[in-house]
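Visitor: Questions regarding the structure given below will be posed in turn.
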Amino acid sequence: MNVPSIATHSLTRRYGTLTALAEVTLSVEAGSVYALVGPNGAGKTTLIQLLMNLQSATAGTAEVLGVPTREIHGAALNRIGYVSENQELPEWMTVGGLLDYLRPFYPTWDRELEQQLLRDFALPPGRKLKHLSRGMRMKAGFVGALSFRPALLLLDEPFSGLDPLVRDELIQGLLDRIGETTLFLSSHDLAEIDSFASHVGYLEEGSLLFSEEMTTLSNRFRQVEFVVDPASETPPKLPDAWMEFERSGSLVRFTHSQLGTEAESRAQIATLFPTAGDAEFAPMSLRSIFLAYARTHRTLRGRLESGGKA
Amino acid sequence: MNQIVHIFRKDARQLRLEILATLSILVLFGIFEPRSWNDFVVMTLEGMTSMAFAILLCIAWGILIIRLIQTDRLPGLNQFWTTRPVVWWKLMAAKGLFLLAFLYAPLILLQMVLLHLGGFAVAPNLPLMLLDMFLLSAVLVLPLTSLAAVTSSFGQTMLTLLGTLVLFVLVLYVAFALGRNLEPRYLTSMQLGIVVAILSSAVVYQFRWRATRNTIVLCAVTAVLLICTQWFLPGSSLAVVGYDRPAQGAPVSIAIYSGPQPGGHGFNSDKPDVPTIMRNVPLVVSSIAPGMSFSLEGQRVHLEGADGYGWESNWENANTELTKDSFVNSDSSYAVISIPRRVYDRLGGGTVRVRMEFAVAQLQEMPAFQTVVSAERVMVPGLGSCAFSKEWGTIGCRSVFDQPANFAVSTFRASGKCEASPGNLPEYGQIGHESTRESRMTLGISPVTVSGVKFESQVQATGPLCAGAPISYVGKRIVQRLQMQTPTATVSLKDLAGF
């Protein structure tokens, strides 16, 4: 059995009374591209920092490449690449100086790959990092993280604030490595990962709401729309899988989050809305799915909080 | 390539300007310092320049240490190196190697050169140089390394340092107001050991775990321990641990004189607003063997009133030599005691039972070293190299690392011009530390210290020293440190002389 690149079990991180990460359990298969998405402050960076042993968990366990995260330091980092939007690079160094400095740390450093990445990213080796744009600095970070052919690459908001051209170049650089390297990246920009992530997890307020393959996710989500008799009533209890239910006169719209087959769903609609016409099932983009999730989650939380206060 | 050397080379490249500045100041100090050696009576421009470079050097070292540690910052989550296969102890070793290469090695090299220029052999003084490096580590390198290890930027380090200094001054002020002695100059070797042990552990802990909050707690514990040892055991009481209790046959006997109080030893003016009452307790010292003398370095007093009320002071510094006095027919001296006003009032200033404990240094006179006054340097054993300076009209001695204990000097002055009477008036003087407490080694950048013989008479009052006049140096060597106590005596506090 293959060891997952990342495996966490009930991983929790609290800061005083604030829970940044609540019992996150996930598994990332080797060779996959796992996108961890969620709004700002959801706990994505905390999770990645726990995986990199930059922070310690309050509870739960995590393993990266089969190594418990508390033991990830020194030589254990030979196989793990890390790029973060917040990472402080030694800005006094030139691009070439940075790579010269990094090279001896990694037994698997590939000089040819390094040169190829420098060319692909059009990085000037003689220029100091402090004189580079944000995008160029990010590229330098990528070269430093890819040239030793890591088994796992952790990316924390790698494309944040970059212009589309640079973003595409970086994504292309990553796509070239898919297969030999497991990618685990966090992002709040859904459009950028839609094209190449194989797995996705959604984190909201420290809780992992789901974690699954992209194809499964897009198969089970549909935007459903149908027309009913305006005089008909809406049943008081709707299925939990129907998210963002809206009715405007005769037009009914919702997001189906657990679509089995369209036939099953049509039968369910017919049961609840006997006057319903033919329903339309439209595929959803990743962005639409997450927006539906986020809005539903917030509405539910709002209800709970107001109920709690009452 | 070895990771330690690799990181060391990176740091050396990054901090090349700081290294250059530090070494330049060190060289300039090395140029000016020997020029100041002839100015042992007053400080001249060379002396001030040398001192300025010494201060600059300490600042430059401080900046270098802070910058070095923070090139691979320890606190925080976004440092570049923490996500790379850097082994923590190799990173720490690389920083140590850097300090060895650019701080300790150049300094020890300079000290060797200065020793050579001062006329001293290098090899016999190597242990002293290593001890000096240890003191430098305890006083400068380790505290700054710890501070840099728990702060994120140079600015933050400076602010923390400033805050620490303000706090330190505040503690000193409060201590002074409460009559406690927190003078850092009296830090004992045990206290320095505590500093080195805890701060080293804190630095290692921070490199290993980067748990900044815990490391700060460790550093704070060091500071609190230092303050506590000074506060609750004033007068370097920890040092009293190093004073042996004589097993049998004490080499000196000390008792409190309880007979009629002699006059002429201070005056008693107990103003009501004075928070502390000072009293001279006369001591009777006997059984001093010839060639021996005793110096009080610390003391503690126990008082008990007629109604059974008792009070015991803390250990306090003392600096009194047990000398012959004329009021009783034996060797005698005084111990100055401080009694809080509330205690004095409670005791009623009347008759009390007194017992005193002393930390005593036993000094033995070394054989006299006889020579003649000469402008050429003469090596005096245990003191250093001494030469007559016509310019200053006295004798200046160079010694290694501020080591000399007290030396008594006796020679002759001319009554007129040297040519007419090359020396017919006896003259006495002394050189070295007046207090035996101060004769322990102090931290210095230069291994050579200079001091002049302090003569009892003035050139103007008598005549000049003349080359060729006989001169003898008699040094006193500490042979042992003892804890002693007096028998309980009954005295009247109000009859004792005060201040």
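Order determines the names: the first chain of the structure tokens is A, the second B, and so forth; residues in each chain are numbered 1 upward, and ligands are numbered 1 upward as they are shown.
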Once you count only C-alpha atoms, what closest atom pair and distance in Å to one decimal does each residue of chain B within 12 Å of chain A have, with rows by chain and rising residue number, as JSON lines?

Guide:
{"residue": "B:Met1", "atom": "CA", "partner": "A:Pro104", "partner_atom": "CA", "distance": 6.4}
{"residue": "B:Asn2", "atom": "CA", "partner": "A:Pro104", "partner_atom": "CA", "distance": 8.6}
{"residue": "B:Gln3", "atom": "CA", "partner": "A:Phe105", "partner_atom": "CA", "distance": 7.3}
{"residue": "B:Ile4", "atom": "CA", "partner": "A:Phe105", "partner_atom": "CA", "distance": 10.9}
{"residue": "B:Val5", "atom": "CA", "partner": "A:Pro104", "partner_atom": "CA", "distance": 11.1}
{"residue": "B:His6", "atom": "CA", "partner": "A:Tyr101", "partner_atom": "CA", "distance": 7.7}
{"residue": "B:Ile7", "atom": "CA", "partner": "A:Tyr101", "partner_atom": "CA", "distance": 8.3}
{"residue": "B:Phe8", "atom": "CA", "partner": "A:Tyr101", "partner_atom": "CA", "distance": 11.2}
{"residue": "B:Arg9", "atom": "CA", "partner": "A:Tyr101", "partner_atom": "CA", "distance": 9.6}
{"residue": "B:Lys10", "atom": "CA", "partner": "A:Tyr101", "partner_atom": "CA", "distance": 7.5}
{"residue": "B:Asp11", "atom": "CA", "partner": "A:Tyr101", "partner_atom": "CA", "distance": 11.0}
{"residue": "B:Arg13", "atom": "CA", "partner": "A:Met93", "partner_atom": "CA", "distance": 9.7}
{"residue": "B:Gln14", "atom": "CA", "partner": "A:Trp92", "partner_atom": "CA", "distance": 7.4}
{"residue": "B:Leu15", "atom": "CA", "partner": "A:Trp92", "partner_atom": "CA", "distance": 10.4}
{"residue": "B:Gln70", "atom": "CA", "partner": "A:Pro90", "partner_atom": "CA", "distance": 11.3}
{"residue": "B:Thr71", "atom": "CA", "partner": "A:Pro90", "partner_atom": "CA", "distance": 8.3}
{"residue": "B:Asp72", "atom": "CA", "partner": "A:Pro90", "partner_atom": "CA", "distance": 9.0}
{"residue": "B:Arg73", "atom": "CA", "partner": "A:Glu88", "partner_atom": "CA", "distance": 10.2}
{"residue": "B:Leu74", "atom": "CA", "partner": "A:Leu54", "partner_atom": "CA", "distance": 11.2}
{"residue": "B:Pro75", "atom": "CA", "partner": "A:Leu54", "partner_atom": "CA", "distance": 10.5}
{"residue": "B:Gly76", "atom": "CA", "partner": "A:Leu54", "partner_atom": "CA", "distance": 8.6}
{"residue": "B:Leu77", "atom": "CA", "partner": "A:Leu54", "partner_atom": "CA", "distance": 6.0}
{"residue": "B:Asn78", "atom": "CA", "partner": "A:Gln87", "partner_atom": "CA", "distance": 4.8}
{"residue": "B:Gln79", "atom": "CA", "partner": "A:Glu88", "partner_atom": "CA", "distance": 5.5}
{"residue": "B:Phe80", "atom": "CA", "partner": "A:Glu88", "partner_atom": "CA", "distance": 5.4}
{"residue": "B:Trp81", "atom": "CA", "partner": "A:Leu89", "partner_atom": "CA", "distance": 8.6}
{"residue": "B:Thr82", "atom": "CA", "partner": "A:Leu54", "partner_atom": "CA", "distance": 7.5}
{"residue": "B:Thr83", "atom": "CA", "partner": "A:Tyr82", "partner_atom": "CA", "distance": 6.6}
{"residue": "B:Arg84", "atom": "CA", "partner": "A:Leu77", "partner_atom": "CA", "distance": 5.9}
{"residue": "B:Pro85", "atom": "CA", "partner": "A:Gly74", "partner_atom": "CA", "distance": 4.2}
{"residue": "B:Val86", "atom": "CA", "partner": "A:Gly74", "partner_atom": "CA", "distance": 4.8}
{"residue": "B:Val87", "atom": "CA", "partner": "A:Gly74", "partner_atom": "CA", "distance": 4.3}
{"residue": "B:Trp88", "atom": "CA", "partner": "A:Gly74", "partner_atom": "CA", "distance": 7.0}
{"residue": "B:Trp89", "atom": "CA", "partner": "A:Gly74", "partner_atom": "CA", "distance": 9.6}
{"residue": "B:Lys90", "atom": "CA", "partner": "A:Gly74", "partner_atom": "CA", "distance": 9.6}
{"residue": "B:Leu91", "atom": "CA", "partner": "A:Gly74", "partner_atom": "CA", "distance": 10.2}
{"residue": "B:Phe207", "atom": "CA", "partner": "A:His73", "partner_atom": "CA", "distance": 11.9}
{"residue": "B:Arg208", "atom": "CA", "partner": "A:His73", "partner_atom": "CA", "distance": 9.9}
{"residue": "B:Trp209", "atom": "CA", "partner": "A:Leu54", "partner_atom": "CA", "distance": 10.0}
{"residue": "B:Arg210", "atom": "CA", "partner": "A:Leu54", "partner_atom": "CA", "distance": 9.2}
{"residue": "B:Ala211", "atom": "CA", "partner": "A:Gln55", "partner_atom": "CA", "distance": 9.7}

Visitor: Those same residues - C-alpha atoms - I'd like them written as a tab-separated table (two decimals), in the first residue's frame.

Guide:
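Final output, saved to selection_30.tsv:
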chain	number	residue	atom	x	y	z
B	1	MET	CA	30.42	20.44	1.67
B	2	ASN	CA	30.21	20.69	5.40
B	3	GLN	CA	27.05	22.56	6.32
B	4	ILE	CA	28.82	24.45	9.12
B	5	VAL	CA	31.46	25.86	6.80
B	6	HIS	CA	28.84	26.56	4.15
B	7	ILE	CA	26.69	28.66	6.50
B	8	PHE	CA	29.82	30.29	7.95
B	9	ARG	CA	30.90	31.39	4.46
B	10	LYS	CA	27.42	32.75	3.75
B	11	ASP	CA	27.47	34.77	6.98
B	13	ARG	CA	29.89	37.23	2.86
B	14	GLN	CA	26.75	38.86	4.18
B	15	LEU	CA	28.47	40.57	7.11
B	70	GLN	CA	19.63	37.48	12.97
B	71	THR	CA	20.93	36.64	9.49
B	72	ASP	CA	19.11	33.37	10.19
B	73	ARG	CA	16.44	34.72	12.46
B	74	LEU	CA	15.11	32.33	15.07
B	75	PRO	CA	11.68	33.70	16.16
B	76	GLY	CA	8.79	33.72	13.72
B	77	LEU	CA	7.31	31.46	11.07
B	78	ASN	CA	8.40	32.94	7.78
B	79	GLN	CA	12.15	32.54	7.88
B	80	PHE	CA	13.66	31.13	4.74
B	81	TRP	CA	16.08	28.75	6.47
B	82	THR	CA	13.50	26.99	8.64
B	83	THR	CA	12.01	25.22	5.61
B	84	ARG	CA	15.40	24.09	4.32
B	85	PRO	CA	17.44	21.06	5.42
B	86	VAL	CA	19.49	23.14	7.85
B	87	VAL	CA	20.50	21.13	10.91
B	88	TRP	CA	19.98	23.29	13.98
B	89	TRP	CA	23.20	22.43	15.76
B	90	LYS	CA	25.20	22.95	12.59
B	91	LEU	CA	23.61	26.38	12.20
B	207	PHE	CA	18.27	27.10	18.24
B	208	ARG	CA	16.81	23.62	18.79
B	209	TRP	CA	13.16	24.44	19.39
B	210	ARG	CA	12.74	28.09	18.41
B	211	ALA	CA	10.29	28.37	21.30

Visitor: Can you tell me which residues surround A:Thr61 at a distance of at most 9 Å, considering only C-alpha atoms, apart from same-chain residues fewer than 2 positions away, and format the answer as a list in words?

Guide: Ala7, Thr8, His9, Ser10, Leu11, Thr12, Ala57, Ala59, Glu63, Pro68 and Thr69 of chain A

Visitor: Can you list, as a ChimeraX atom specification, all residues belonging to stretch 45-78 of chain A that DSSP tags as strand (DSSP E)?

Guide: /A:59-64,67-68

Visitor: Set the distance at 12 Å and use only C-alpha atoms: which residues neighbour B:Leu136 once local chain neighbours fewer than 6 positions away are removed? I'd like the list as a list in words.

Guide: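 The neighbour list is Cys58, Trp61, Gly62, Leu99, Leu103, Tyr104, Leu107, Ile108, Met129, Leu130, Leu142, Pro143, Leu144, Leu192, Val196, Thr442, Leu443, Gly444 and Ile445 of chain B.
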
Visitor: Would you export the selected residues with N, CA and C atoms as a PDB file, in the first residue's frame, please?

Guide:
ATOM      1  N   CYS B  58      33.496  47.593  21.451  1.00  0.00           N
ATOM      2  CA  CYS B  58      32.403  46.866  22.131  1.00  0.00           C
ATOM      3  C   CYS B  58      31.094  47.056  21.368  1.00  0.00           C
ATOM      4  N   TRP B  61      31.309  45.016  18.165  1.00  0.00           N
ATOM      5  CA  TRP B  61      31.099  43.593  18.476  1.00  0.00           C
ATOM      6  C   TRP B  61      29.617  43.317  18.712  1.00  0.00           C
ATOM      7  N   GLY B  62      28.971  44.210  19.454  1.00  0.00           N
ATOM      8  CA  GLY B  62      27.547  44.039  19.736  1.00  0.00           C
ATOM      9  C   GLY B  62      26.743  43.972  18.455  1.00  0.00           C
ATOM     10  N   LEU B  99      32.030  33.608  15.301  1.00  0.00           N
ATOM     11  CA  LEU B  99      32.505  34.413  16.442  1.00  0.00           C
ATOM     12  C   LEU B  99      33.955  34.082  16.770  1.00  0.00           C
ATOM     13  N   LEU B 103      35.817  37.362  16.084  1.00  0.00           N
ATOM     14  CA  LEU B 103      35.794  38.093  17.351  1.00  0.00           C
ATOM     15  C   LEU B 103      36.908  37.586  18.277  1.00  0.00           C
ATOM     16  N   TYR B 104      36.818  36.303  18.634  1.00  0.00           N
ATOM     17  CA  TYR B 104      37.772  35.784  19.625  1.00  0.00           C
ATOM     18  C   TYR B 104      39.203  35.700  19.064  1.00  0.00           C
ATOM     19  N   LEU B 107      40.919  39.032  18.596  1.00  0.00           N
ATOM     20  CA  LEU B 107      41.175  39.646  19.903  1.00  0.00           C
ATOM     21  C   LEU B 107      42.357  38.961  20.589  1.00  0.00           C
ATOM     22  N   ILE B 108      42.370  37.658  20.560  1.00  0.00           N
ATOM     23  CA  ILE B 108      43.454  36.932  21.237  1.00  0.00           C
ATOM     24  C   ILE B 108      44.779  37.203  20.523  1.00  0.00           C
ATOM     25  N   MET B 129      44.434  34.846  29.182  1.00  0.00           N
ATOM     26  CA  MET B 129      43.735  35.311  27.977  1.00  0.00           C
ATOM     27  C   MET B 129      42.456  34.493  27.775  1.00  0.00           C
ATOM     28  N   LEU B 130      42.537  33.201  28.019  1.00  0.00           N
ATOM     29  CA  LEU B 130      41.346  32.347  27.871  1.00  0.00           C
ATOM     30  C   LEU B 130      40.292  32.719  28.913  1.00  0.00           C
ATOM     31  N   LEU B 142      27.384  36.258  25.276  1.00  0.00           N
ATOM     32  CA  LEU B 142      26.198  35.433  25.570  1.00  0.00           C
ATOM     33  C   LEU B 142      24.936  36.259  25.805  1.00  0.00           C
ATOM     34  N   PRO B 143      25.005  37.343  26.612  1.00  0.00           N
ATOM     35  CA  PRO B 143      23.779  38.136  26.776  1.00  0.00           C
ATOM     36  C   PRO B 143      23.257  38.683  25.448  1.00  0.00           C
ATOM     37  N   LEU B 144      24.167  39.171  24.591  1.00  0.00           N
ATOM     38  CA  LEU B 144      23.702  39.724  23.315  1.00  0.00           C
ATOM     39  C   LEU B 144      23.205  38.623  22.379  1.00  0.00           C
ATOM     40  N   LEU B 192      28.709  34.484  37.725  1.00  0.00           N
ATOM     41  CA  LEU B 192      29.079  34.453  36.307  1.00  0.00           C
ATOM     42  C   LEU B 192      28.820  33.057  35.741  1.00  0.00           C
ATOM     43  N   VAL B 196      26.500  32.163  32.555  1.00  0.00           N
ATOM     44  CA  VAL B 196      26.993  31.411  31.395  1.00  0.00           C
ATOM     45  C   VAL B 196      26.165  30.138  31.204  1.00  0.00           C
ATOM     46  N   THR B 442      39.787  41.282  36.182  1.00  0.00           N
ATOM     47  CA  THR B 442      38.642  41.963  35.593  1.00  0.00           C
ATOM     48  C   THR B 442      38.733  41.843  34.079  1.00  0.00           C
ATOM     49  N   LEU B 443      37.569  42.038  33.434  1.00  0.00           N
ATOM     50  CA  LEU B 443      37.515  41.907  31.977  1.00  0.00           C
ATOM     51  C   LEU B 443      38.257  43.062  31.318  1.00  0.00           C
ATOM     52  N   GLY B 444      39.078  42.784  30.338  1.00  0.00           N
ATOM     53  CA  GLY B 444      39.780  43.856  29.635  1.00  0.00           C
ATOM     54  C   GLY B 444      40.007  43.481  28.196  1.00  0.00           C
ATOM     55  N   ILE B 445      39.990  44.488  27.333  1.00  0.00           N
ATOM     56  CA  ILE B 445      40.312  44.219  25.931  1.00  0.00           C
ATOM     57  C   ILE B 445      41.824  44.126  25.791  1.00  0.00           C
TER      58      ILE B 445
END

Visitor: Give me the residues within 10 Å of stretch 382-392 of chain B as an MDAnalysis selection string, counting only C-alpha atoms and dropping any in the same chain fewer than 5 places off.

Guide: chainID B and resid 38:42 118:120 366 372:377 397:400 402:407 431:432 448:453 464:467 473:477

Visitor: With N, CA and C atoms retained, write the just-selected residues as a tab-separated table (two decimals), in the first residue's frame.

Guide:
chain	number	residue	atom	x	y	z
B	38	ASN	N	52.30	54.93	28.65
B	38	ASN	CA	53.21	55.80	29.40
B	38	ASN	C	52.46	56.85	30.21
B	39	ASP	N	51.13	56.91	29.99
B	39	ASP	CA	50.36	57.97	30.65
B	39	ASP	C	49.62	57.40	31.85
B	40	PHE	N	50.38	57.03	32.86
B	40	PHE	CA	49.73	56.36	33.98
B	40	PHE	C	49.40	57.32	35.12
B	41	VAL	N	49.69	58.58	34.97
B	41	VAL	CA	49.34	59.54	36.02
B	41	VAL	C	48.05	60.27	35.65
B	42	VAL	N	48.04	60.84	34.45
B	42	VAL	CA	46.79	61.43	33.95
B	42	VAL	C	46.52	60.86	32.57
B	118	GLY	N	54.25	44.93	25.37
B	118	GLY	CA	54.35	45.34	26.78
B	118	GLY	C	55.52	44.70	27.50
B	119	GLY	N	56.21	43.81	26.82
B	119	GLY	CA	57.38	43.19	27.41
B	119	GLY	C	57.05	41.92	28.18
B	120	PHE	N	55.91	41.32	27.89
B	120	PHE	CA	55.52	40.10	28.61
B	120	PHE	C	55.58	38.89	27.68
B	366	MET	N	55.27	38.82	50.55
B	366	MET	CA	56.22	38.07	49.72
B	366	MET	C	57.62	38.61	49.99
B	372	VAL	N	67.06	48.99	41.74
B	372	VAL	CA	67.31	50.43	41.80
B	372	VAL	C	66.34	51.14	40.88
B	373	VAL	N	66.09	52.40	41.19
B	373	VAL	CA	65.21	53.21	40.34
B	373	VAL	C	65.88	53.35	38.97
B	374	SER	N	65.13	52.97	37.93
B	374	SER	CA	65.75	52.96	36.61
B	374	SER	C	64.70	53.25	35.54
B	375	ALA	N	65.14	53.96	34.51
B	375	ALA	CA	64.24	54.23	33.39
B	375	ALA	C	64.06	52.97	32.54
B	376	GLU	N	64.95	52.04	32.71
B	376	GLU	CA	64.82	50.75	32.00
B	376	GLU	C	63.75	49.91	32.71
B	377	ARG	N	63.02	49.13	31.96
B	377	ARG	CA	61.99	48.31	32.58
B	377	ARG	C	62.60	47.17	33.40
B	397	CYS	N	54.12	50.90	36.41
B	397	CYS	CA	54.26	49.45	36.22
B	397	CYS	C	53.20	48.93	35.25
B	398	ARG	N	53.65	48.07	34.38
B	398	ARG	CA	52.72	47.38	33.48
B	398	ARG	C	52.48	45.99	34.04
B	399	SER	N	51.21	45.62	34.11
B	399	SER	CA	50.91	44.27	34.59
B	399	SER	C	49.92	43.61	33.63
B	400	VAL	N	49.77	42.33	33.79
B	400	VAL	CA	48.92	41.57	32.87
B	400	VAL	C	47.52	41.40	33.47
B	402	ASP	N	45.27	43.35	34.87
B	402	ASP	CA	44.81	43.98	36.09
B	402	ASP	C	45.00	43.09	37.32
B	403	GLN	N	46.07	42.32	37.31
B	403	GLN	CA	46.24	41.30	38.32
B	403	GLN	C	46.88	41.73	39.64
B	404	PRO	N	47.71	42.79	39.66
B	404	PRO	CA	48.56	42.95	40.84
B	404	PRO	C	47.77	43.17	42.12
B	405	ALA	N	48.18	42.49	43.15
B	405	ALA	CA	47.65	42.75	44.47
B	405	ALA	C	48.44	43.94	45.03
B	406	ASN	N	48.21	44.23	46.28
B	406	ASN	CA	48.87	45.40	46.85
B	406	ASN	C	50.36	45.17	47.05
B	407	PHE	N	51.16	46.14	46.59
B	407	PHE	CA	52.61	46.10	46.80
B	407	PHE	C	53.02	47.33	47.59
B	431	ILE	N	51.39	50.35	45.32
B	431	ILE	CA	50.85	50.17	43.97
B	431	ILE	C	49.99	48.90	43.97
B	432	GLY	N	49.00	48.92	43.14
B	432	GLY	CA	48.09	47.76	43.08
B	432	GLY	C	46.78	48.10	43.74
B	448	VAL	N	47.31	44.39	28.91
B	448	VAL	CA	48.31	45.15	29.67
B	448	VAL	C	47.63	46.32	30.37
B	449	THR	N	47.79	46.37	31.67
B	449	THR	CA	47.26	47.52	32.40
B	449	THR	C	48.45	48.26	33.03
B	450	VAL	N	48.31	49.57	33.12
B	450	VAL	CA	49.42	50.36	33.69
B	450	VAL	C	48.91	51.12	34.91
B	451	SER	N	49.76	51.23	35.89
B	451	SER	CA	49.42	52.03	37.06
B	451	SER	C	50.72	52.59	37.63
B	452	GLY	N	50.57	53.66	38.36
B	452	GLY	CA	51.76	54.30	38.92
B	452	GLY	C	51.84	54.07	40.42
B	453	VAL	N	53.05	54.11	40.95
B	453	VAL	CA	53.23	53.99	42.40
B	453	VAL	C	52.71	55.27	43.05
B	464	PRO	N	63.07	64.97	44.21
B	464	PRO	CA	62.73	64.01	43.16
B	464	PRO	C	63.25	62.61	43.45
B	465	LEU	N	62.61	61.66	42.74
B	465	LEU	CA	63.20	60.32	42.71
B	465	LEU	C	64.38	60.39	41.75
B	466	CYS	N	65.39	59.64	42.06
B	466	CYS	CA	66.57	59.70	41.21
B	466	CYS	C	66.93	58.32	40.71
B	467	ALA	N	67.34	58.27	39.47
B	467	ALA	CA	67.80	57.00	38.91
B	467	ALA	C	68.97	56.50	39.73
B	473	TYR	N	60.27	46.34	46.53
B	473	TYR	CA	58.83	46.08	46.36
B	473	TYR	C	58.48	44.88	47.24
B	474	VAL	N	57.48	45.06	48.10
B	474	VAL	CA	57.04	43.93	48.92
B	474	VAL	C	55.55	43.69	48.63
B	475	GLY	N	55.28	42.60	48.03
B	475	GLY	CA	53.90	42.30	47.67
B	475	GLY	C	53.19	41.47	48.72
B	476	LYS	N	51.88	41.56	48.70
B	476	LYS	CA	51.09	40.74	49.61
B	476	LYS	C	50.27	39.77	48.78
B	477	ARG	N	50.38	38.53	49.13
B	477	ARG	CA	49.72	37.48	48.36
B	477	ARG	C	48.62	36.88	49.23

Visitor: Can you tell me which residues surround A:Pro236 at a distance of at most 12 Å, considering only C-alpha atoms, apart from same-chain residues fewer than 2 positions away, and format the answer as a list in words?

Guide: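 Counting only the stated atoms, we get Glu233, Thr234, Leu238, Pro239, Leu272 and Phe273 of chain A.
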
Visitor: May I have the selected residues written with N, CA and C atoms, as a short mmCIF file (atom, residue, chain, number, x, y, z; two decimals), in the first residue's frame?

Guide:
data_model
loop_
_atom_site.label_atom_id
_atom_site.label_comp_id
_atom_site.auth_asym_id
_atom_site.auth_seq_id
_atom_site.Cartn_x
_atom_site.Cartn_y
_atom_site.Cartn_z
N GLU A 233 -47.34 25.19 -3.07
CA GLU A 233 -46.59 25.57 -1.86
C GLU A 233 -45.23 24.88 -1.84
N THR A 234 -44.30 25.55 -1.18
CA THR A 234 -42.97 24.95 -1.00
C THR A 234 -43.01 24.07 0.24
N LEU A 238 -36.89 20.59 3.23
CA LEU A 238 -36.25 20.24 1.96
C LEU A 238 -35.03 19.37 2.24
N PRO A 239 -34.57 18.61 1.26
CA PRO A 239 -33.38 17.76 1.50
C PRO A 239 -32.17 18.60 1.87
N LEU A 272 -41.50 16.21 -4.26
CA LEU A 272 -41.65 17.40 -3.41
C LEU A 272 -42.45 18.50 -4.10
N PHE A 273 -42.31 18.59 -5.44
CA PHE A 273 -43.02 19.62 -6.21
C PHE A 273 -43.80 18.91 -7.32
#

Visitor: Can you list, as a ChimeraX atom specification, every protein, DNA or RNA residue that comes within 7 Å of B:Ser492 when you count only C-alpha atoms, leaving out same-chain residues fewer than 6 positions away?

Guide: /B:350-352

Visitor: Keeping only C-alpha atoms, write the selected residues as a PDB file, in the first residue's frame.

Guide:
ATOM      1  CA  GLY B 350      21.342  51.089  74.659  1.00  0.00           C
ATOM      2  CA  THR B 351      23.374  48.088  75.693  1.00  0.00           C
ATOM      3  CA  VAL B 352      23.207  45.205  73.265  1.00  0.00           C
TER       4      VAL B 352
END

Visitor: For B:Ser201, work out the shell of residues within 10 Å, counting only C-alpha atoms and skipping chain neighbours fewer than 3 positions away, then give it as a VMD selection string.

Guide: chain B and resid 146 195 to 198 204 to 207 215 218 to 219

Visitor: Using backbone DSSP assignments, extract all helix (DSSP H, G or I) residues from stretch 188-399 of chain B; output them as a compact mmCIF listing (two decimals) with C-alpha atoms, in the first residue's frame.

Guide:
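In the end it all went to result_20.txt:
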# COMPACT_ATOMS: atom_id res chain seq x y z
CA SER B 189 32.54 33.68 39.76
CA MET B 190 29.56 31.61 40.87
CA GLN B 191 27.16 34.25 39.57
CA LEU B 192 29.08 34.45 36.31
CA GLY B 193 28.82 30.68 36.14
CA ILE B 194 25.05 30.93 36.55
CA VAL B 195 24.88 33.49 33.75
CA VAL B 196 26.99 31.41 31.40
CA ALA B 197 25.19 28.16 32.18
CA ILE B 198 21.64 29.47 31.86
CA LEU B 199 22.23 31.76 28.90
CA SER B 200 24.11 29.02 27.03
CA SER B 201 21.21 26.67 27.69
CA ALA B 202 18.77 29.34 26.53
CA VAL B 203 20.66 29.84 23.27
CA VAL B 204 20.91 26.09 22.59
CA TYR B 205 17.23 25.67 23.47
CA GLN B 206 16.21 28.47 21.12
CA PHE B 207 18.27 27.10 18.24
CA ARG B 208 16.81 23.62 18.79
CA TRP B 209 13.16 24.44 19.39
CA THR B 212 10.87 32.07 21.83
CA ARG B 213 8.51 32.51 24.76
CA ASN B 214 10.20 29.74 26.75
CA THR B 215 13.64 31.12 25.93
CA ILE B 216 12.61 34.57 27.12
CA VAL B 217 11.49 32.97 30.38
CA LEU B 218 14.93 31.32 30.71
CA CYS B 219 16.68 34.66 30.11
CA ALA B 220 14.38 36.37 32.59
CA VAL B 221 15.17 33.64 35.15
CA THR B 222 18.88 34.47 34.70
CA ALA B 223 18.24 38.14 35.37
CA VAL B 224 16.03 37.40 38.38
CA LEU B 225 18.59 34.96 39.79
CA LEU B 226 21.32 37.58 39.41
CA ILE B 227 19.21 40.23 41.10
CA CYS B 228 18.14 37.83 43.85
CA THR B 229 21.65 36.67 44.62
CA GLN B 230 22.73 40.30 44.86
CA TRP B 231 19.57 41.49 46.57
CA SER B 237 27.45 36.74 49.78
CA LEU B 238 27.72 33.93 47.33
CA ALA B 239 31.43 34.58 47.51
CA VAL B 240 31.28 33.82 51.23
CA ARG B 341 16.70 53.28 62.06
CA ARG B 342 13.69 51.14 63.07
CA VAL B 343 16.04 48.48 64.48
CA TYR B 344 18.15 51.06 66.27
CA ASP B 345 15.06 52.65 67.79
CA ARG B 346 13.69 49.24 68.77
CA LEU B 347 16.97 48.40 70.47
